[in-house]
Each structure stands twice: as structure tokens, then as C-alpha cells.
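Below is one structure, written out as C-alpha cells; comments come after it.
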Amino acid sequence: MLDTSLPHQAKRIDPATGVREIAEFFGPEEPRTFGFTHLPSSRPVGGVVICSPLYAEFNRNYRREVLIARQLASLGVAVQRFHYRGHGNSQGGIHDATFDTMLDDALAAAQRLVDSAGVNNLAFFGTRFGGLVAASAATRFGKAPLVLWDPVLNHSQYLRDIYRAYRIQALKEGARSSESAEGMEEHLRRDGELDILGYTITRSLYEGVQDRSLDKEVGLSPRPLLVIRFGRDPRLERGISELVLRWQMAGFDVNHLSIGRQEAWWFTSGALVIQEALTEPVDLTVDWLMKTFDQRTELL
Amino acid sequence: MIKVSQVKDTAEIPVFFPAGGETLFGILTEPHDPIGAAAILLRGGGQGPCSERNQIDARLCRRLSEDGFHAFRFDYHGVGESTGAVERFRLDEPFEEDVEAAINWLRGRGIERFILIGGCFGARTALACAARVPGLEGLVLKALPVRDKEKDETGTWPLVPDRTVWQYASRAFRPHVVRALFSATKRRGYLRVFRAAWRARTESPEAKGDNPAPRWLSTALLSNVETALQRSIPILFVSGTKDPGFGDFDRAMSARLGEILQESGSLVDAETLAGRVGGADASLQQPVIDLIAEWLGHNEEVDHSNIHSPANLELRTFHA
């Protein structure tokens with residue numbers, strides 16, 4: 001029979017920082033969401049909800065999200081991380097995940113953080129596709145600060161990036177890939193899914209995001225905003241620089257930075273896990289969030 | 001369409017457990033009707049969570065728990081949610097201590113029989129545990145790398161014997177090669193290749209025929225396989241024809257590794273699938289899950305359409 005003697009939560013306290021970490025499956029009903037709550041040893045000055053990217057980008061960024069959460073918690077900020085349903089350790093199948101369910105999962109994660117940490121001033125942090133989710137969730141929380149790492153601007157840009165990964169992989173394997181980006185999109189529509197490097201891209205997710213864009217999700221209600229781009233060119237790309245300009249004109253307090261290193265989001269090297277250069281965005285983000293929380297506390 | 005295992009009659013329990021000075025994170029999937037054995041999944045190198053790419057390991061755990069296994073997936077130290085740091089995954093430095101810590105935690109739950117299921121680096125780690133885990137009853141090795149290093153000083157050895165003298169001569173007289181001879185650096189490079197080819201033809205164990213274990217084939221791996229078989233631990237090898245190390249594995253099966261396995265009789269099964277079994281082929285993920293579940297003694301229907309070979313060791317057939 002099922003052994004119910006173990007708690008369905010795992011907890012640990014970091015001996016150096018006093019940070020409490022709680023791992024659990026949460027949510028009122030199945031499929032349940034898997035997540036981690038990082039609670040500081042003292043009363044939190046604020047809370048951050050981390051919205052992860054998807055597929056290979058999820059794995060690529062994962063450890064950095066863990067480290068950023070631990071660092072923030074050690075400085076007094078409560079953090080909630082979670083896996084979207086159908087992804088990672090959460091329950092549900094890959095076809096269950098749509099943009100709407102991802103947003104629901106992010107909002108449930110935010111509620112989980114409010115309940116467990118007792119904080120009301122939340123910030124949202126999203127990477128790549130997670131930037132769309134974080135932006136959309138942030139609009140439900142007043143002027144909640146927003147951090148975006150290499151955000152996806154819209155569905156066509158995202159599909160282009162996926163297509164590039166697909167072609168590079170074909171090239172590495174010496175295979176001839178004659179499928180165009182349009183052909184790949186048609187394939188996705190026809191078959192309902194697409195296999196890119198062992199990740200299943202689903203039509204349900206793709207179609208659900210066609211009317212979404214970063215511009216729309218961020219909206220025009222001013223909030224503190226940090227945008228970090230990864231790339232060799234220190235200038236922001238045209239699409240994002242236009243958005244930054246628009247946000248500034250709308251009264252947003254925008255900080256935008258470029259990390260002078262291209263991130264191969266779709267290609268994970270098992271060899272080198274943490275490169276020193278990649279800690280730079282973590283430090284910049286932690287500094288910005290701490291300043292933002294300090295300013296908000298002073299205002300209160 | 002991908003068939004995703006639903007969590008039926010199982011419970012997933014997150015856990016922290018100690019490993020040396022670190023705290024590792026894992027998820028135990030408990031069966032409704034336990035058979036008293038645990039399948040422990042050992043991931044390859046990488047930074048992501050223990051669910052692995054496309055939830056492969058989460059799906060395998062859920063599937064095995066439906067068959068009565070306790071299924072345990074966890075993050076090595078410095079990876080995913082675990083504490084610590086790791087800079088490199090070296091095939092000749094597997095993480096046995098992490099596996100032992102997981103096993104100790106499971107023993108504390110009253111489980112004494114174990115199956116280790118590993119892919120790539122995880123396969124090497126599983127093999128390395130063969131000598132030191134009491135109660136080990138099976139090994140599943142996916143996309144097993146047979147070298148200790150990706151590139152090393154002996155890296156040219158397996159390549160040189162494949163070319164004839166005529167092929168070398170015709171390559172040597174290509175215009176860009178002749179031009180390059182005017183460069184001292186490139187001349188030294190060509191000299192190194194010539195020496196390696198000469199040694200491979202005259203001095204290598206393969207050339208002498210007295211020891212069929214080529215130098216590039218990991219001796220630790222051979223020793224661990226022998227140890228496992230001496231302990232009568234059944235092994236399932238699952239390989240994909242497009243796995244990065246399949247050529248080496250194939251060659252090793254024709255050399256000392258194949259000999260050891262042939263001597264073991266019915267203890268070993270080897271399955272080769274067309275594609276990549278390390279996870280990079282979504283269409284093979286479910287067949288691999290089904291294959292492992294079937295091999296573990298649960299004779300459920302398996303779709304063999306993707307499987308090139310029934311259990312046998314004649315892998316050279318598929319090399320072409």
C-alpha cells in the first residue's frame with residue numbers, strides 16, 4: 001500500500017545563511033505544480049517570483065535561477081520558483097501546457113509565496129519565454145517590478161530561434177535539413193508537435209501565444225523594469241531598444257544592460273557548469289532588485 | 001504523439017538527503033503496491049532539474065512506480081537543487097558517493113534491492129557503483145560512453161587503422177597538403193599524425209592481436225563490467241545509432257568489451273535503436289521507457305517498430 005509516512009514537503013535550512021528552502025507539489029488539484037520556496041531567516045523585505053524559460057533554455061538557465069534565489073533569500077528577499085505543468089518535475093503532460101496555464105501556474109506560485117512568506121510587495125523575473133509570463137503576471141500586482149532576461153518579443157521571433165537551433169543541430173550531425181522555417185511551422189500545425197533536440201514543441205502552446213507579445217504583456221502601466229540582454233554586441237537589438245524607448249516615454253523606470261557574451265540558449269554543454277562570466281547577470285539582477293525593494297520600503 | 005505517464009496510484013515526495021558535506025535533492029515516486037525494490041535514475045551531465053529533457057526521467061519514474069518500483073531521481077552535488085559546486089563532468093571521475101548517499105537514504109526507508117539506470121555520464125556512474133552497492137540487482141546503461149575522455153592523446157588510435165596506405169598516400173598529395181608542407185608548424189603536425197598512424201599499425205594491442213582491448217577503451221569501464229558480471233548483476237545496454245559515442249561503443253563491442261559480454265551468457269541484453277537514446281530524439285523517449293520497463297520484468301506490450309535489433313550483441317550490423 002501507499003506509504004504516507006513521509007511529508008509531501010521537503011525542507012532544509014542553509015547552515016551558513018539561515019535560508020529555509022521548501023520543495024513541494026502545490027495547487028488545489030491535479031496536475032499539481034512543483035516548486036521551491038526560499039525564505040530568508042528574518043522577515044522578508046519583498047518577494048520575487050521566477051518564471052523560467054522553456055525546453056532547452058529551461059535546463060540551460062536552471063542552476064542560475066537556483067543560485068539567484070539563494071542569493072536573494074540570503075539578503076532578505078523571499079523567492080518562489082516553479083515548473084510549469086507538463087514541464088520539469090510538475091505533473092501533467094506536455095500537451096496540457098498553454099500560455100494560459102503557464103500564467104495560471106505563475107499566479108498560483110505568487111499566491112504560494114504570499115501565503116508562505118507573508119509578503120505583499122512582489123517582483124517578477126522571467127527569462128526568454130518566461131519573460132512573457134512574468135510580464136503578464138506582474139500586471140496583476142500593481143506596480144510590481146519586472147526583470148527580463150533576453151526576453152522573447154513575440155511568437156515569430158521565438159520560432160525563428162527554435163528553427164536556428166534545429167538547423168545548427170542538423171549541421172552538427174552532418175544531416176541535410178531542407179525544411180524551411182515556414183515548413184517547420186506547417187509541420188507543427190499539421191502534426192500537433194515538433195521534435196527539436198528531444199524537446200516536444202506543441203501546437204497548443206504555439207497557437208496560444210500567437211496574439212501575445214512582450215509589448216502587450218508589459219502594458220503601459222509604469223513599473224520598475226530591468227532588461228538584460230545576452231549578446232556580443234553591447235547595444236540592445238532594435239526590437240527591444242524600441243520597446244525600451246516606448247516604456248521610458250510611458251514613464252517606466254527602465255534599466256537596460258547587455259552582457260557581452262552570447263548565450264547559446266539551446267545548446268547545453270555538460271562539461272562546464274558555471275562559468276564565471278555567467279554570474280554577471282545574477283549579480284546585476286540581485287543588486288537591482290535589492291535597490292528596488294529598498295526604494296519601495298522607503299516610500300512606504 | 002508522446003504518451004505521457006500519468007501519476008496513477010503513486011505519490012511523488014520531494015526529499016533532501018546528506019551526501020558528504022553537501023545536501024542533495026531528489027524526488028521519490030512511491031508505488032501503490034511496492035515490490036520492495038528501488039530504481040535509481042542517474043542523469044547525464046548538465047545543469048537542469050532531475051526531470052531531465054522533456055520530463056524523460058520524471059516519466060520513467062512514474063511508469064516504474066506503476067509497476068511496483070520505488071523510483072528515485074535526484075540531482076548530483078552542484079547540480080539542479082543540490083548544494084555544492086561542480087565544474088566538470090569527467091567520465092573517469094563518476095559520482096559514486098552521491099549514489100551511495102541516495103542508496104543509504106533509501107535503505108533508511110527499508111528498501112534493500114536496487115536497480116541503477118543511467119544515461120551517458122550516469123551510465124558510467126552506475127557501472128562504477130557495481131562493486132560497492134550491496135543489493136544491486138540490475139544495471140541499465142543508456143548511451144554508454146566507452147572512453148574516459150572525449151579527446152586525449154590516444155584519440156587518433158581508433159581512427160588510423162581504418163585507412164589503407166593507399167588512402168593515406170592519396171590524401172598526402174592533395175594540393176593543400178603539399179602547400180602546407182612549407183609551414184614548419186603544419187609539417188610538425190603531419191609528422192605527429194604519421195607517427196600515430198605508424199604506431200597504431202605496428203605497436204597497438206589491436207595490431208599485435210595479443211590483447212583485443214584498444215588503448216582508448218576505458219580500462220575502468222571494462223573492470224567495472226567484469227565486476228558486475230562476476231556479481232551476476234544483469235545488464236541492459238541501450239544504444240542509439242546516432243548517439244555521439246555509438247561508433248566507439250560499436251567498436252568496443254567488437255573488441256574486449258564484446259568478449260566479456262559474450263562470456264557472460266544470459267546476463268546481458270543489448271538493444272540498439274535507430275536514432276539517439278540519450279534523450280535528444282523525442283520519438284525514441286517513450287520506446288526507451290517502455291523497453292526499460294519491459295526489461296525490468298514487466299512484460300507489457302512494447303512497440304518494436306523503432307528498435308533495430310532484438311537482444312543480441314551483433315551490433316556491427318547496424319554500423320553502416
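Each chain in the C-alpha cells gets a letter, A, B, ..., in the order shown, and its residues are numbered from 1; ligands are numbered from 1 in order too.
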Closest atom pairs, chain B residues within 7 Å of chain A, only C-alpha atoms, as JSON lines:
```
{"residue": "B:Val4", "atom": "CA", "partner": "A:Gly93", "partner_atom": "CA", "distance": 5.7}
{"residue": "B:Ile13", "atom": "CA", "partner": "A:His8", "partner_atom": "CA", "distance": 5.2}
{"residue": "B:Pro14", "atom": "CA", "partner": "A:Ala10", "partner_atom": "CA", "distance": 5.4}
{"residue": "B:Val15", "atom": "CA", "partner": "A:Ala10", "partner_atom": "CA", "distance": 5.0}
{"residue": "B:Phe16", "atom": "CA", "partner": "A:Ala10", "partner_atom": "CA", "distance": 6.3}
{"residue": "B:Glu30", "atom": "CA", "partner": "A:Leu2", "partner_atom": "CA", "distance": 6.8}
{"residue": "B:Pro31", "atom": "CA", "partner": "A:Leu2", "partner_atom": "CA", "distance": 6.3}
{"residue": "B:His32", "atom": "CA", "partner": "A:Leu2", "partner_atom": "CA", "distance": 4.5}
{"residue": "B:Asp33", "atom": "CA", "partner": "A:Met1", "partner_atom": "CA", "distance": 5.1}
{"residue": "B:Pro34", "atom": "CA", "partner": "A:Met1", "partner_atom": "CA", "distance": 6.9}
{"residue": "B:Gly45", "atom": "CA", "partner": "A:Gly270", "partner_atom": "CA", "distance": 4.6}
{"residue": "B:Gly46", "atom": "CA", "partner": "A:Gly270", "partner_atom": "CA", "distance": 4.4}
{"residue": "B:Gln47", "atom": "CA", "partner": "A:Arg63", "partner_atom": "CA", "distance": 5.8}
{"residue": "B:Gly48", "atom": "CA", "partner": "A:Asn59", "partner_atom": "CA", "distance": 4.0}
{"residue": "B:Pro49", "atom": "CA", "partner": "A:Gly88", "partner_atom": "CA", "distance": 6.7}
{"residue": "B:Ser51", "atom": "CA", "partner": "A:Gly88", "partner_atom": "CA", "distance": 5.2}
{"residue": "B:Arg53", "atom": "CA", "partner": "A:Tyr199", "partner_atom": "CA", "distance": 6.7}
{"residue": "B:Asn54", "atom": "CA", "partner": "A:Tyr199", "partner_atom": "CA", "distance": 5.4}
{"residue": "B:Gln55", "atom": "CA", "partner": "A:Gly88", "partner_atom": "CA", "distance": 5.6}
{"residue": "B:Ala58", "atom": "CA", "partner": "A:Asn89", "partner_atom": "CA", "distance": 6.3}
{"residue": "B:Val79", "atom": "CA", "partner": "A:Arg63", "partner_atom": "CA", "distance": 6.8}
{"residue": "B:Gly80", "atom": "CA", "partner": "A:Arg63", "partner_atom": "CA", "distance": 5.6}
{"residue": "B:Glu81", "atom": "CA", "partner": "A:Val66", "partner_atom": "CA", "distance": 6.6}
{"residue": "B:Val86", "atom": "CA", "partner": "A:Val273", "partner_atom": "CA", "distance": 6.7}
{"residue": "B:Glu87", "atom": "CA", "partner": "A:Val273", "partner_atom": "CA", "distance": 5.4}
{"residue": "B:Arg88", "atom": "CA", "partner": "A:Ala271", "partner_atom": "CA", "distance": 4.8}
{"residue": "B:Phe89", "atom": "CA", "partner": "A:Ala271", "partner_atom": "CA", "distance": 5.5}
{"residue": "B:Gly279", "atom": "CA", "partner": "A:Gly198", "partner_atom": "CA", "distance": 5.7}
{"residue": "B:Ala280", "atom": "CA", "partner": "A:Gly198", "partner_atom": "CA", "distance": 3.8}
{"residue": "B:Asp281", "atom": "CA", "partner": "A:Gly198", "partner_atom": "CA", "distance": 4.4}
{"residue": "B:Ala282", "atom": "CA", "partner": "A:Gly198", "partner_atom": "CA", "distance": 4.3}
```
Writing out the chosen residues with C-alpha atoms as an mmCIF file, in the first residue's frame:
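Output saved as part.cif:
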```cif
data_model
loop_
_atom_site.group_PDB
_atom_site.id
_atom_site.type_symbol
_atom_site.label_atom_id
_atom_site.label_comp_id
_atom_site.auth_asym_id
_atom_site.auth_seq_id
_atom_site.Cartn_x
_atom_site.Cartn_y
_atom_site.Cartn_z
ATOM 1 C CA VAL B 4 2.983 10.754 -21.034
ATOM 2 C CA ILE B 13 7.723 13.036 -2.499
ATOM 3 C CA PRO B 14 10.489 15.626 -2.603
ATOM 4 C CA VAL B 15 13.400 14.897 -0.255
ATOM 5 C CA PHE B 16 16.712 16.330 0.869
ATOM 6 C CA GLU B 30 6.208 5.706 -4.350
ATOM 7 C CA PRO B 31 4.173 2.849 -5.811
ATOM 8 C CA HIS B 32 0.770 1.881 -4.583
ATOM 9 C CA ASP B 33 1.751 -1.779 -4.429
ATOM 10 C CA PRO B 34 5.501 -1.877 -3.770
ATOM 11 C CA GLY B 45 25.960 15.766 -17.135
ATOM 12 C CA GLY B 46 24.081 19.044 -17.237
ATOM 13 C CA GLN B 47 22.633 21.779 -15.138
ATOM 14 C CA GLY B 48 18.903 21.231 -15.313
ATOM 15 C CA PRO B 49 16.456 19.574 -12.930
ATOM 16 C CA SER B 51 13.176 15.534 -14.519
ATOM 17 C CA ARG B 53 14.863 16.751 -21.014
ATOM 18 C CA ASN B 54 11.155 16.553 -21.899
ATOM 19 C CA GLN B 55 10.472 15.040 -18.451
ATOM 20 C CA ALA B 58 10.005 12.000 -14.395
ATOM 21 C CA VAL B 79 23.545 20.417 -9.961
ATOM 22 C CA GLY B 80 19.862 21.380 -10.008
ATOM 23 C CA GLU B 81 18.615 21.905 -6.452
ATOM 24 C CA VAL B 86 30.813 21.010 -9.868
ATOM 25 C CA GLU B 87 32.856 22.398 -12.700
ATOM 26 C CA ARG B 88 33.200 19.422 -14.979
ATOM 27 C CA PHE B 89 31.709 16.013 -15.530
ATOM 28 C CA GLY B 279 17.078 11.918 -24.925
ATOM 29 C CA ALA B 280 17.803 14.091 -27.947
ATOM 30 C CA ASP B 281 15.239 12.205 -30.037
ATOM 31 C CA ALA B 282 11.712 12.807 -28.745
#
```
Write out as a ChimeraX atom specification the residues lying within 7 Å of stretch 277-293 of chain A, counting only C-alpha atoms and excluding same-chain residues fewer than 2 positions away.
/A:45-46,68,72,275,295-297
Extract, using only C-alpha atoms, all DNA, RNA and protein residues at most 12 Å from B:Glu93, discarding same-chain residues fewer than 4 positions from it, and format them as a list in words.
Gly45, Val86, Arg88, Phe89, Glu97, Phe121, Gly122, Arg124, Thr125, Ala126, Leu127, Ala128, Cys129, Asp148, Lys149, Ser218, Ala220 and Leu221 of chain B
File dump, residues just selected, C-alpha atoms, as an mmCIF file, in the first residue's frame:
```cif
data_model
loop_
_atom_site.group_PDB
_atom_site.id
_atom_site.type_symbol
_atom_site.label_atom_id
_atom_site.label_comp_id
_atom_site.auth_asym_id
_atom_site.auth_seq_id
_atom_site.Cartn_x
_atom_site.Cartn_y
_atom_site.Cartn_z
ATOM 1 C CA GLY B 45 25.960 15.766 -17.135
ATOM 2 C CA VAL B 86 30.813 21.010 -9.868
ATOM 3 C CA ARG B 88 33.200 19.422 -14.979
ATOM 4 C CA PHE B 89 31.709 16.013 -15.530
ATOM 5 C CA GLU B 97 29.451 8.979 -3.421
ATOM 6 C CA PHE B 121 27.790 10.107 -17.537
ATOM 7 C CA GLY B 122 25.086 8.491 -15.394
ATOM 8 C CA ARG B 124 29.414 5.377 -16.167
ATOM 9 C CA THR B 125 28.457 6.326 -12.620
ATOM 10 C CA ALA B 126 26.070 3.358 -12.406
ATOM 11 C CA LEU B 127 28.803 0.985 -13.609
ATOM 12 C CA ALA B 128 31.308 2.424 -11.159
ATOM 13 C CA CYS B 129 28.903 1.507 -8.349
ATOM 14 C CA ASP B 148 37.480 8.048 -20.389
ATOM 15 C CA LYS B 149 37.925 11.310 -22.228
ATOM 16 C CA SER B 218 38.413 2.712 -20.706
ATOM 17 C CA ALA B 220 37.964 1.227 -15.563
ATOM 18 C CA LEU B 221 34.838 0.568 -17.606
#
```
If you run DSSP on the backbone, which residues of stretch 51-289 of chain A are helix (DSSP H, G or I), as a PyMOL selection string?
chain A and resi 55-74+94-96+99-117+129-138+155-172+181-191+203-208+214-218+238-249+276-289
Going by DSSP on the backbone, which residues of stretch 39-92 of chain A come out as strand (DSSP E)? List them as JSON, numbers by chain.
{"A": [39, 46, 47, 48, 49, 50, 51, 77, 78, 79, 80, 81, 82]}
Determine, counting only C-alpha atoms, which protein, DNA and RNA residues have an atom within 8 Å of an atom of stretch 242-251 of chain B; residues of the same chain fewer than 3 positions away are not included. Present the result as a ChimeraX atom specification.
/B:143-147,239,254-255,274-278,315-316,319
Take the residues that were just selected and, keeping N, CA, C and O atoms, output them as a compact mmCIF listing (two decimals), in the first residue's frame.
```
# COMPACT_ATOMS: atom_id res chain seq x y z
N ALA B 143 23.27 4.80 -23.79
CA ALA B 143 24.28 5.60 -24.49
C ALA B 143 25.59 5.61 -23.71
O ALA B 143 26.13 6.67 -23.40
N LEU B 144 26.08 4.44 -23.41
CA LEU B 144 27.28 4.31 -22.56
C LEU B 144 28.54 4.81 -23.28
O LEU B 144 28.91 4.26 -24.33
N PRO B 145 29.21 5.83 -22.75
CA PRO B 145 30.49 6.24 -23.35
C PRO B 145 31.58 5.24 -22.93
O PRO B 145 31.65 4.88 -21.77
N VAL B 146 32.40 4.82 -23.87
CA VAL B 146 33.38 3.79 -23.55
C VAL B 146 34.79 4.34 -23.41
O VAL B 146 35.72 3.61 -23.08
N ARG B 147 34.97 5.61 -23.70
CA ARG B 147 36.27 6.25 -23.46
C ARG B 147 36.24 6.96 -22.12
O ARG B 147 35.17 7.30 -21.62
N SER B 239 21.46 1.45 -26.77
CA SER B 239 22.27 2.36 -27.58
C SER B 239 21.46 2.88 -28.75
O SER B 239 20.53 2.22 -29.22
N SER B 254 33.17 -5.04 -30.57
CA SER B 254 33.91 -5.98 -31.40
C SER B 254 35.25 -6.31 -30.76
O SER B 254 36.00 -7.13 -31.29
N ALA B 255 35.57 -5.64 -29.69
CA ALA B 255 36.86 -5.86 -29.03
C ALA B 255 36.62 -6.48 -27.65
O ALA B 255 35.73 -7.30 -27.48
N ALA B 274 17.36 2.89 -33.71
CA ALA B 274 17.76 3.84 -34.75
C ALA B 274 17.48 5.25 -34.26
O ALA B 274 16.33 5.62 -34.06
N GLY B 275 18.54 6.01 -34.03
CA GLY B 275 18.38 7.37 -33.52
C GLY B 275 19.24 7.58 -32.30
O GLY B 275 20.27 6.94 -32.14
N ARG B 276 18.80 8.50 -31.44
CA ARG B 276 19.57 8.83 -30.24
C ARG B 276 18.77 8.45 -29.00
O ARG B 276 17.63 8.88 -28.85
N VAL B 277 19.37 7.65 -28.15
CA VAL B 277 18.63 7.22 -26.96
C VAL B 277 18.96 8.08 -25.74
O VAL B 277 18.37 7.90 -24.68
N GLY B 278 19.89 9.00 -25.90
CA GLY B 278 20.26 9.85 -24.76
C GLY B 278 19.22 10.91 -24.44
O GLY B 278 19.39 11.70 -23.52
N LEU B 315 26.22 -5.89 -32.93
CA LEU B 315 25.89 -4.50 -33.23
C LEU B 315 26.53 -3.98 -34.50
O LEU B 315 26.09 -2.99 -35.05
N ARG B 316 27.56 -4.65 -34.99
CA ARG B 316 28.24 -4.13 -36.18
C ARG B 316 27.30 -4.08 -37.38
O ARG B 316 27.47 -3.28 -38.27
N HIS B 319 26.15 -0.65 -38.00
CA HIS B 319 27.10 0.46 -38.09
C HIS B 319 27.00 1.17 -39.43
O HIS B 319 27.17 2.37 -39.53
```
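Note that the spacing between atom CA of A:Leu257 and atom CA of A:Arg232 amounts to 12.2 Å.
Near A:Asp211, within a cut-off of 12 Å and counting only C-alpha atoms, sit the residues Phe99, Asp100, Leu132, Leu153, Asn154, His155, Ser156, Leu205, Tyr206, Glu207, Asp215, Lys216 and Glu217 of chain A, with same-chain residues fewer than 4 positions away left out.
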What's the separation between atom CA of A:Gln248 and atom CA of A:Leu226, in Å to one decimal place?
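Atom CA of A:Leu226 lies at a distance of 11.8 Å from atom CA of A:Gln248.
Of the residues listed (A:Ala135, A:Arg81, A:Lys143, A:Ser204), A:Ser204 shows the shortest atom-to-atom separation from A:Thr98; distances use only C-alpha atoms.
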